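Trainee: This is the structure I want to talk about, given as structure tokens.
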Amino acid sequence: MPETSVNPPTAVLREVEPSARPRTVRRPRGILIALWLGYVFLYLPILVVVIMSFNDSENLFVWRGFSLRWYPELFSDAAMMQGLGNTLIVATGATAIATVLGTLLAYGIHRYTRGGLIRAFAIAPAILPDLLLGIGLLTLFALLSVTLGLHSVVIAHAVFATAFVTAIVLARMASLDPSLEEASRDLGAGPVRTFVRVTLPQLTPGIIAGALLAFTLSIDEFVIAYFTTAPTQPTLPIVIYTMVRFGVTPQVNALASLLLLVSIVAVIAAQRLTRLTGSSK
Amino acid sequence: MRFPYRITAVAAGGVALVLAATSCSSGGGEPADPTDAGPQELVVSIWADYYPEDLAEQFEAETGIALTIVHHTTNEDVVAKLTASSDPGGDVAFMSGQYAQALAEQGLLAELDKSLIPNETNLYPEALELAYDPGNRYSEPYAWGTTGLCYRPDLTGYEPTSWYDLLTPRPELVGKTTMLSTDRWLAMPALKAQGHSVNTTDDAQLEEAKAQLLETKPTLLAYDDTTFYAKLVSGEAAMVEAWDGWCNYGIAEDPSITFVIPDEGADLWVDTMTVLESSQNKDAAMTFVNYILDPEVQTWVAENILYKVPNQAAMDALDPALVEAYPTLGITVDELFQQEVIVDLGEDTLKYVDLNSQVLATN
Amino acid sequence: MTPTSSTTTPGVRVGSERRALVPAALLGPGVLFLIVFMAIPVGLLAFYTFFKRGRFGGVVFEFTFDNWIKLTEPLYLGVIGQSIGLALIVTVLALLIGYPMAYAIAGLSPKWRTVALIAIVLPFWTNFLIRTYAWILLLNNAGWVNQWLQGLGLTDAPISMLYTPQAIVVGLVYMYLPLMVLPLYASLQQLDPALREAATNLGASPWRAFRTVTLPLSLPGALTGCIFVFVPAMSNFVIPELIGGGKTIMVGNLVRDQFLSARDWPFGATLALVLTILLVLVILVQAAVSRRLAQGARNA
């Protein structure tokens, strides 16, 4: 790896072809063990969820034998299917809005503001207690006589999702090397072109991380959705939460397991696709 | 590099798609069972699993009105939503009696037109004069019951008869009991054990109850409002404070589980049906209420949710085998009315909330 | 390197009037959106904190400071203090667990990186309530872990793991771990390896290189992660209820009780706002600190 022995100041030349050199420092062996332990921690309850989805019992807590019955019952549960559909719509919409607004905000804040005020304002939704935002938005919608529905939840979720995207992209921007942009400008590119062709690609991992986070937070968000949706349009967390009153059957576990499976398949498919189209990070 | 453009395109497409999807799907929701039998639609908000599964189909078959059932989580959530926005959608809302009282005073519930609810006469006479809504002007009772001790005799080793069996448990039962922590049911055992009313607003009495509850707290396994019966079934707990109907879910899994109303007495809670003032379909809503009060329907309800219903004809028609398996269904109206009806306390509800906060927050 | 500004290349310079439009175009949509859908609702509720509660919720417009005074009662201060303490522990643990994970992921090849990230996030595409019940199933006195321990003969009686503050901490760490890992990863992944290599070339051990180069540069991401974990940990009410057995309540439970049970919106809003103000201050500090660090790193 001849490039690694060059002194840092001449990094500029190398930076022009970011994909041409190895981007990472070799990690110590032990770190992978930490990673795997972390995954065990994260997936232990998931294992429980999947196993319990085969529980032949009306309640979740006592094992009564193996059964596949919850899976077919799941599909005939209209409320769950509706909740699932609504959740996906809301999450996609909120993530789309948040990604666009958040990236623009992050770039704007980083480039054009010195004070922390706009930054704090942009990130504030992430720190508001969800009950405050939920009831506040409901009050606002009522004042404006807005009919509640999935659109009101999309907006509500977009509010806190934007904050997360902004924060993550900002964190990444803080580590960016401005010399690249300046080089681009010096070479004659306008600000928009520079943004799109130089800055955005560098930000992409951050944007993706932010979008991923926004999506994840939205699909599992209960409180704000509960207060900003119409009663006839529950999202999945609402459907599940309302089941708690009279006992949670393993049917929800079946749903969770299926969703997990679908997510894994979707991810693998996405991986294959991006490899085919040859995009690089 | 085409990558950034792709992101922008995807994002823009995504937004457009979603806006289209949401404006299509949020036209107020579709009825669960669209029929061509008339344009009337009704939205009913009730707790999950608290009604027979095919209620919507049966109701439509009988009346031709399309029914959409939506679930809510707790009484408090319903009240909060209604207070924030006086028209959150929906026509009929199920809620506990004291909340119906509160909402009625705010003018958020429609006054019931009894000419549309002739089946009201099927109710027990006592169910027509309930303290939170005398004359049932704004609500009709759906199910009622009391609160007591739900326990496993094989784990307790004896048969408890007093609230003190829970409040000051025997040494071998420490760490194997749970209490309810919601609304008025945290304070109730202590108040009753000390001989006071469940609706008391006397500060001294509440202090006394609080002191007892603070002593009890270290002996508890947990506060549990939803999965206490599962804890009994799994053996984690030996004795829990429970609503009588809910104890039946434990009995369904383990027939040895037993329910008892302690000697000091308990409360009488009622879950009611109300029609929202903001409803556009009040007549259809009251037809629904009337439908539920039909004895056959209420028997069917009771058999499904294992709760007592305030409908004499309905209770008499219950399958005796069911009553034998679930003794709480056999609690007579007289026995029930030895307990105290829970009423709304207006401003003084705060005292109970503060009491709950203090007990729960203290370590 | 010559500091450049667009004035040194006249043909390319964007007019200064057009330059003013750029920040407006970037910040405008987002700020407007947030003003309408965040600032105004919150402002409404903040406004309410100076009025009395309506009998059944909502607000009666009689001016009062009572809500803010009520906040200083020992009960509420105690809960706030306890919540801060617990949330701090949760944040530190999440950092200790999350940092090595983010570091490891940032060190993977691009293909595996994405897989690893998705793998972090995937569990959270199942419902939080279901996952919480899974933990209860694992840790309760009649649960799997206890059954294994007793079955293996390691213990005689069940170990009480649930319904304690410690259990709440574990539950919260579990719940918010990806919120720590993702920003950390975003920050770590961008770091120029040349800087670290320079350090090792100059004789520093890998650990020293990490400590003096990588660690400081990843601080913005770490701080962001800490905020993302600390904040929701403070306002979560499900975990203290289900996993804590309701025996330890946090600010989130208080806020919920005020809004829903007490129907005391002004006071609920007061509690929520105090929390928010505290956290905004923390964020402002974090912004200043990370900006300073980033400057320092760039100049290094």
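We label chains A, B, ... in the order they appear in the structure tokens, count residues from 1 in each chain, and number ligands from 1 in the order shown.
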Considering only C-alpha atoms, tabulate each residue of chain C that lies at most 8 Å from chain B along with its nearest interatomic pair and the corresponding distance in Å to one decimal; arrange the rows by chain and ascending residue number and present them as CSV.

Mentor:
```
residue,atom,partner,partner_atom,distance
C:Arg55,CA,B:Glu347,CA,6.1
C:Phe56,CA,B:Ala102,CA,6.6
C:Gly57,CA,B:Thr83,CA,6.4
C:Gly58,CA,B:Thr83,CA,6.3
C:Leu75,CA,B:Gln358,CA,6.7
C:Val79,CA,B:Ala361,CA,6.6
C:Asn140,CA,B:Glu236,CA,7.5
C:Asn141,CA,B:Glu236,CA,5.8
C:Ala142,CA,B:Glu236,CA,5.6
C:Tyr163,CA,B:Ala222,CA,6.2
C:Glu241,CA,B:Tyr223,CA,7.9
C:Leu242,CA,B:Asp224,CA,7.7
C:Gly244,CA,B:Ala222,CA,7.6
C:Gly245,CA,B:Ala222,CA,4.3
C:Gly246,CA,B:Tyr223,CA,5.2
C:Lys247,CA,B:Leu360,CA,5.6
C:Thr248,CA,B:Ala361,CA,5.9
C:Ile249,CA,B:Ala361,CA,5.4
C:Met250,CA,B:Ala361,CA,7.9
C:Leu254,CA,B:Ser357,CA,7.2
C:Asp257,CA,B:Val353,CA,7.4
C:Gln258,CA,B:Val353,CA,8.0
C:Phe259,CA,B:Ala80,CA,7.4
C:Leu260,CA,B:Glu76,CA,4.9
C:Ser261,CA,B:Glu76,CA,5.8
C:Ala262,CA,B:Leu350,CA,5.5
C:Arg263,CA,B:Ala80,CA,7.3
```

Trainee: Give me every helix (DSSP H, G or I) residue in region 217-316 of chain B, going by DSSP on the backbone, as a compact mmCIF listing (two decimals) with C-alpha atoms, in the first residue's frame.

Mentor:
```txt
# COMPACT_ATOMS: atom_id res chain seq x y z
CA LYS B 217 -44.67 -1.38 48.32
CA PRO B 218 -41.43 -3.16 49.30
CA THR B 219 -43.31 -6.43 49.64
CA PHE B 228 -51.18 -9.96 36.47
CA TYR B 229 -53.16 -13.03 35.51
CA ALA B 230 -50.25 -14.30 33.44
CA LYS B 231 -48.03 -13.93 36.49
CA LEU B 232 -50.41 -16.15 38.39
CA VAL B 233 -50.46 -18.73 35.65
CA SER B 234 -46.68 -18.82 35.42
CA ASP B 244 -63.16 -9.95 38.59
CA GLY B 245 -63.70 -10.43 34.87
CA TRP B 246 -60.02 -10.21 34.17
CA CYS B 247 -59.29 -12.89 36.74
CA ASN B 248 -61.33 -15.18 34.50
CA TYR B 249 -58.62 -15.05 31.87
CA GLY B 250 -56.32 -16.62 34.39
CA ILE B 251 -58.94 -19.17 35.34
CA ALA B 252 -59.30 -20.05 31.67
CA GLU B 253 -55.69 -21.18 31.72
CA LYS B 282 -76.47 9.87 16.58
CA ASP B 283 -79.55 7.90 15.66
CA ALA B 284 -77.52 5.02 14.28
CA ALA B 285 -75.31 5.22 17.36
CA MET B 286 -78.26 4.84 19.68
CA THR B 287 -79.52 1.98 17.58
CA PHE B 288 -76.20 0.30 18.28
CA VAL B 289 -76.55 0.89 22.01
CA ASN B 290 -80.04 -0.53 21.86
CA TYR B 291 -78.77 -3.55 19.96
CA ILE B 292 -76.23 -4.30 22.66
CA LEU B 293 -78.87 -4.10 25.36
CA PRO B 295 -80.73 -9.80 26.19
CA GLU B 296 -79.56 -12.30 23.62
CA VAL B 297 -76.79 -10.00 22.52
CA GLN B 298 -75.70 -9.33 26.07
CA THR B 299 -75.64 -13.02 26.87
CA TRP B 300 -73.48 -13.49 23.81
CA VAL B 301 -71.23 -10.65 25.03
CA ALA B 302 -70.92 -12.11 28.49
CA GLU B 303 -70.07 -15.53 27.16
CA ASN B 304 -67.37 -14.05 24.98
CA ILE B 305 -65.64 -11.63 27.29
CA GLN B 312 -81.11 -9.48 34.06
CA ALA B 313 -82.53 -11.52 31.22
CA ALA B 314 -79.08 -11.95 29.80
CA MET B 315 -77.51 -13.16 33.02
CA ASP B 316 -80.33 -15.60 33.64
```

Trainee: Using only C-alpha atoms, tabulate the residues of region 74-123 of chain A lying at most 12 Å from any atom of region 47-59 of chain B, each with its closest atom pair and that distance in Å to one decimal, by chain and increasing residue number, as JSON lines.

Mentor:
```
{"residue": "A:Ser76", "atom": "CA", "partner": "B:Glu53", "partner_atom": "CA", "distance": 12.0}
{"residue": "A:Asp77", "atom": "CA", "partner": "B:Glu53", "partner_atom": "CA", "distance": 10.5}
{"residue": "A:Ala78", "atom": "CA", "partner": "B:Glu53", "partner_atom": "CA", "distance": 11.7}
{"residue": "A:Ala79", "atom": "CA", "partner": "B:Ala48", "partner_atom": "CA", "distance": 10.4}
{"residue": "A:Met80", "atom": "CA", "partner": "B:Ala48", "partner_atom": "CA", "distance": 11.9}
```

Trainee: Produce a table with one row for each residue of chain A that has an atom at most 9 Å from any atom of chain B, each row naming the nearest atom pair and its distance in Å at one decimal; use only C-alpha atoms; arrange rows by chain and rising residue number; format as a Markdown table.

Mentor:
```
| residue | atom | partner | partner_atom | distance |
| --- | --- | --- | --- | --- |
| A:Ser57 | CA | B:Glu253 | CA | 8.8 |
| A:Glu58 | CA | B:Glu253 | CA | 8.2 |
| A:Asn59 | CA | B:Ala230 | CA | 7.1 |
| A:Leu60 | CA | B:Ala230 | CA | 8.1 |
| A:Phe61 | CA | B:Ala230 | CA | 6.4 |
| A:Val62 | CA | B:Ser234 | CA | 6.0 |
| A:Ala78 | CA | B:Ala32 | CA | 8.0 |
| A:Ala79 | CA | B:Val70 | CA | 8.5 |
| A:Asn86 | CA | B:Thr22 | CA | 8.8 |
| A:Ile89 | CA | B:Val18 | CA | 6.4 |
| A:Val90 | CA | B:Val18 | CA | 7.8 |
| A:Thr92 | CA | B:Val18 | CA | 7.1 |
| A:Gly93 | CA | B:Val18 | CA | 5.2 |
| A:Ala94 | CA | B:Val15 | CA | 8.3 |
| A:Thr95 | CA | B:Ala11 | CA | 8.7 |
| A:Ala96 | CA | B:Ala11 | CA | 5.3 |
| A:Ile97 | CA | B:Val15 | CA | 6.5 |
| A:Thr99 | CA | B:Ala11 | CA | 7.7 |
| A:Val100 | CA | B:Ala11 | CA | 7.0 |
| A:Ile135 | CA | B:Ala84 | CA | 7.2 |
| A:Gly136 | CA | B:Ala84 | CA | 8.7 |
| A:Leu138 | CA | B:Ala84 | CA | 6.5 |
| A:Thr139 | CA | B:Ala84 | CA | 5.4 |
| A:Phe141 | CA | B:Ser85 | CA | 8.1 |
| A:Ala142 | CA | B:Ser85 | CA | 5.1 |
| A:Leu143 | CA | B:Ser85 | CA | 8.0 |
| A:Ser145 | CA | B:Ser85 | CA | 8.9 |
| A:Thr147 | CA | B:Gly28 | CA | 8.3 |
| A:Leu148 | CA | B:Pro88 | CA | 7.4 |
| A:Gly149 | CA | B:Ser26 | CA | 5.0 |
| A:Leu150 | CA | B:Thr22 | CA | 5.6 |
| A:His151 | CA | B:Thr22 | CA | 5.5 |
| A:Val154 | CA | B:Thr22 | CA | 8.6 |
| A:Val196 | CA | B:Pro4 | CA | 6.4 |
| A:Arg197 | CA | B:Met1 | CA | 7.0 |
| A:Leu200 | CA | B:Pro4 | CA | 6.4 |
| A:Pro201 | CA | B:Pro4 | CA | 6.3 |
| A:Thr204 | CA | B:Pro4 | CA | 8.0 |
| A:Tyr226 | CA | B:Asp77 | CA | 9.0 |
| A:Phe227 | CA | B:Lys81 | CA | 6.8 |
| A:Thr229 | CA | B:Pro88 | CA | 8.7 |
| A:Ala230 | CA | B:Gly89 | CA | 6.6 |
| A:Pro231 | CA | B:Val70 | CA | 6.1 |
| A:Thr232 | CA | B:Gly29 | CA | 5.5 |
| A:Gln233 | CA | B:Gly29 | CA | 6.4 |
| A:Pro234 | CA | B:Val70 | CA | 8.2 |
| A:Ile238 | CA | B:His72 | CA | 8.4 |
| A:Val239 | CA | B:His71 | CA | 7.3 |
| A:Tyr241 | CA | B:Thr73 | CA | 6.9 |
| A:Thr242 | CA | B:Thr73 | CA | 4.7 |
| A:Met243 | CA | B:Ala48 | CA | 5.3 |
| A:Val244 | CA | B:Thr226 | CA | 6.7 |
| A:Arg245 | CA | B:Thr226 | CA | 5.8 |
| A:Phe246 | CA | B:Asp49 | CA | 6.2 |
| A:Gly247 | CA | B:Thr227 | CA | 6.8 |
| A:Val248 | CA | B:Thr227 | CA | 8.7 |
| A:Ser279 | CA | B:Phe3 | CA | 7.0 |
| A:Ser280 | CA | B:Phe3 | CA | 8.6 |
```

Trainee: Take the selection from the previous step and output its residues with C-alpha atoms, as a PDB file, in the first residue's frame.

Mentor:
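Wrote it out as part-v4.pdb, contents follow:
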```pdb
ATOM      1  CA  SER A  57     -51.207 -20.642  24.214  1.00  0.00           C
ATOM      2  CA  GLU A  58     -53.505 -17.674  24.624  1.00  0.00           C
ATOM      3  CA  ASN A  59     -50.977 -15.687  26.552  1.00  0.00           C
ATOM      4  CA  LEU A  60     -47.354 -14.988  25.885  1.00  0.00           C
ATOM      5  CA  PHE A  61     -45.869 -16.052  29.127  1.00  0.00           C
ATOM      6  CA  VAL A  62     -46.420 -19.750  29.472  1.00  0.00           C
ATOM      7  CA  ALA A  78     -57.890  -7.174   9.376  1.00  0.00           C
ATOM      8  CA  ALA A  79     -56.944  -4.714  12.088  1.00  0.00           C
ATOM      9  CA  ASN A  86     -50.650   2.383   7.621  1.00  0.00           C
ATOM     10  CA  ILE A  89     -47.094   4.469   4.518  1.00  0.00           C
ATOM     11  CA  VAL A  90     -46.407   6.773   7.421  1.00  0.00           C
ATOM     12  CA  THR A  92     -41.978   6.042   4.188  1.00  0.00           C
ATOM     13  CA  GLY A  93     -43.567   9.453   3.947  1.00  0.00           C
ATOM     14  CA  ALA A  94     -42.025  10.782   7.103  1.00  0.00           C
ATOM     15  CA  THR A  95     -38.592   9.468   6.175  1.00  0.00           C
ATOM     16  CA  ALA A  96     -38.763  10.989   2.706  1.00  0.00           C
ATOM     17  CA  ILE A  97     -39.722  14.400   4.033  1.00  0.00           C
ATOM     18  CA  THR A  99     -34.339  13.156   4.659  1.00  0.00           C
ATOM     19  CA  VAL A 100     -34.828  16.036   2.278  1.00  0.00           C
ATOM     20  CA  ILE A 135     -50.973  16.542  22.325  1.00  0.00           C
ATOM     21  CA  GLY A 136     -49.588  19.844  21.039  1.00  0.00           C
ATOM     22  CA  LEU A 138     -53.545  17.453  18.159  1.00  0.00           C
ATOM     23  CA  THR A 139     -54.449  20.814  19.669  1.00  0.00           C
ATOM     24  CA  PHE A 141     -54.851  20.417  14.188  1.00  0.00           C
ATOM     25  CA  ALA A 142     -58.053  20.924  16.114  1.00  0.00           C
ATOM     26  CA  LEU A 143     -57.592  24.691  16.095  1.00  0.00           C
ATOM     27  CA  SER A 145     -59.901  22.173  11.868  1.00  0.00           C
ATOM     28  CA  THR A 147     -59.191  16.326   9.625  1.00  0.00           C
ATOM     29  CA  LEU A 148     -56.987  13.734  11.186  1.00  0.00           C
ATOM     30  CA  GLY A 149     -55.694  10.904   9.147  1.00  0.00           C
ATOM     31  CA  LEU A 150     -52.491   9.318   7.964  1.00  0.00           C
ATOM     32  CA  HIS A 151     -51.346  12.642   6.582  1.00  0.00           C
ATOM     33  CA  VAL A 154     -46.817  11.672   8.460  1.00  0.00           C
ATOM     34  CA  VAL A 196     -24.610  17.801  -5.634  1.00  0.00           C
ATOM     35  CA  ARG A 197     -21.401  16.363  -6.994  1.00  0.00           C
ATOM     36  CA  LEU A 200     -23.628  15.097  -1.256  1.00  0.00           C
ATOM     37  CA  PRO A 201     -21.649  11.982  -2.128  1.00  0.00           C
ATOM     38  CA  THR A 204     -24.310   9.914   1.655  1.00  0.00           C
ATOM     39  CA  TYR A 226     -51.927   7.790  18.718  1.00  0.00           C
ATOM     40  CA  PHE A 227     -52.821  11.420  19.196  1.00  0.00           C
ATOM     41  CA  THR A 229     -54.279   9.853  13.710  1.00  0.00           C
ATOM     42  CA  ALA A 230     -57.924   9.230  13.060  1.00  0.00           C
ATOM     43  CA  PRO A 231     -59.354   6.406  15.185  1.00  0.00           C
ATOM     44  CA  THR A 232     -60.121   4.450  12.027  1.00  0.00           C
ATOM     45  CA  GLN A 233     -56.528   4.612  10.860  1.00  0.00           C
ATOM     46  CA  PRO A 234     -54.313   3.117  13.503  1.00  0.00           C
ATOM     47  CA  ILE A 238     -51.284   1.496  18.148  1.00  0.00           C
ATOM     48  CA  VAL A 239     -52.978  -1.746  17.157  1.00  0.00           C
ATOM     49  CA  TYR A 241     -50.683  -1.383  22.237  1.00  0.00           C
ATOM     50  CA  THR A 242     -54.446  -1.557  22.327  1.00  0.00           C
ATOM     51  CA  MET A 243     -54.278  -5.341  22.440  1.00  0.00           C
ATOM     52  CA  VAL A 244     -52.462  -5.212  25.739  1.00  0.00           C
ATOM     53  CA  ARG A 245     -55.570  -4.596  27.753  1.00  0.00           C
ATOM     54  CA  PHE A 246     -56.833  -8.088  27.372  1.00  0.00           C
ATOM     55  CA  GLY A 247     -53.686  -9.966  26.949  1.00  0.00           C
ATOM     56  CA  VAL A 248     -51.121 -10.193  24.225  1.00  0.00           C
ATOM     57  CA  SER A 279     -22.840   2.127  -6.923  1.00  0.00           C
ATOM     58  CA  SER A 280     -20.019   2.703  -4.537  1.00  0.00           C
TER      59      SER A 280
END
```

Trainee: Mind the document's chain letters and residue numbers, and return as a PyMOL selection string the residues of region 29-229 of chain C that DSSP labels strand (DSSP E or B).

Mentor: chain C and resi 51-53+55+57+59-63

Trainee: Show which residues sit within 10 Å of region 201-208 of chain C, as a CSV table (one decimal) with C-alpha atoms, in the first residue's frame. Count only C-alpha atoms, and ignore same-chain residues fewer than 3 positions away.

Mentor:
```csv
chain,number,residue,atom,x,y,z
A,4,THR,CA,0.0,5.2,3.1
A,5,SER,CA,3.5,6.4,3.4
A,7,ASN,CA,2.6,12.7,4.3
A,27,ARG,CA,-9.2,-2.9,13.5
A,28,PRO,CA,-7.8,-5.0,16.3
C,194,ALA,CA,-4.2,9.0,6.9
C,195,LEU,CA,-4.3,11.0,10.1
C,196,ARG,CA,-4.1,8.0,12.2
C,197,GLU,CA,-1.5,6.4,10.1
C,198,ALA,CA,0.5,9.5,10.4
C,211,ARG,CA,-6.7,7.9,21.9
C,212,THR,CA,-5.2,11.1,20.5
C,213,VAL,CA,-6.5,11.0,17.0
C,214,THR,CA,-9.6,8.8,16.5
C,215,LEU,CA,-11.3,9.4,19.8
```

Trainee: Using only C-alpha atoms, determine which residues lie at most 7 Å from Ser187 (chain C), disregarding the query and same-chain residues fewer than 6 positions distant; provide the list as a VMD selection string.

Mentor: (chain A and resid 171 to 172 175) or (chain C and resid 218 221)

Trainee: With C-alpha atoms retained, write the just-selected residues as a PDB file, in the first residue's frame.

Mentor:
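Result file follows (out08.pdb):
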```pdb
ATOM      1  CA  ALA A 171     -22.192  15.223  12.882  1.00  0.00           C
ATOM      2  CA  ARG A 172     -20.836  13.913   9.655  1.00  0.00           C
ATOM      3  CA  SER A 175     -15.728  15.795  10.010  1.00  0.00           C
TER       4      SER A 175
ATOM      5  CA  SER C 218     -15.319  10.949  16.795  1.00  0.00           C
ATOM      6  CA  GLY C 221     -20.783  11.653  16.777  1.00  0.00           C
TER       7      GLY C 221
END
```

Trainee: Write out as number ranges by chain the residues lying within 9 Å of Ala124 (chain A), counting only C-alpha atoms and excluding same-chain residues fewer than 5 positions away.

Mentor: A: 119, 160, 163; C: 38, 276, 279-280, 283

Trainee: Please produce an output containing C-alpha atoms for each residue in the selection, written as an mmCIF file, in the first residue's frame.

Mentor:
```
data_model
loop_
_atom_site.group_PDB
_atom_site.id
_atom_site.type_symbol
_atom_site.label_atom_id
_atom_site.label_comp_id
_atom_site.auth_asym_id
_atom_site.auth_seq_id
_atom_site.Cartn_x
_atom_site.Cartn_y
_atom_site.Cartn_z
ATOM 1 C CA ARG A 119 -29.071 24.097 15.156
ATOM 2 C CA PHE A 160 -38.973 14.430 14.903
ATOM 3 C CA ALA A 163 -34.360 16.391 13.756
ATOM 4 C CA MET C 38 -43.219 22.026 16.259
ATOM 5 C CA THR C 276 -37.049 20.152 27.282
ATOM 6 C CA LEU C 279 -32.075 19.235 27.244
ATOM 7 C CA VAL C 280 -31.918 22.214 24.894
ATOM 8 C CA ILE C 283 -27.600 20.482 23.189
#
```

Trainee: Nearest residue to chain A out of C:Leu71, C:Met101, C:Ala24, C:Val170, using only C-alpha atoms?

Mentor: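 Under the stated criterion, the closest residue is C:Met101.
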
Trainee: Between C:Pro240, C:Gly153, C:Gly78, C:Gly98, which has the minimum distance to chain A (counting only C-alpha atoms)?

Mentor: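 Between C:Pro240, C:Gly153, C:Gly78, C:Gly98, the residue approaching chain A most closely is C:Gly98.
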
Trainee: Might you pull out every residue within 6 Å of Pro262 (chain B), with only C-alpha atoms counted and same-chain residues fewer than 2 positions away left off, and present them as an MDAnalysis selection string?

Mentor: chainID B and resid 161:163 264:265
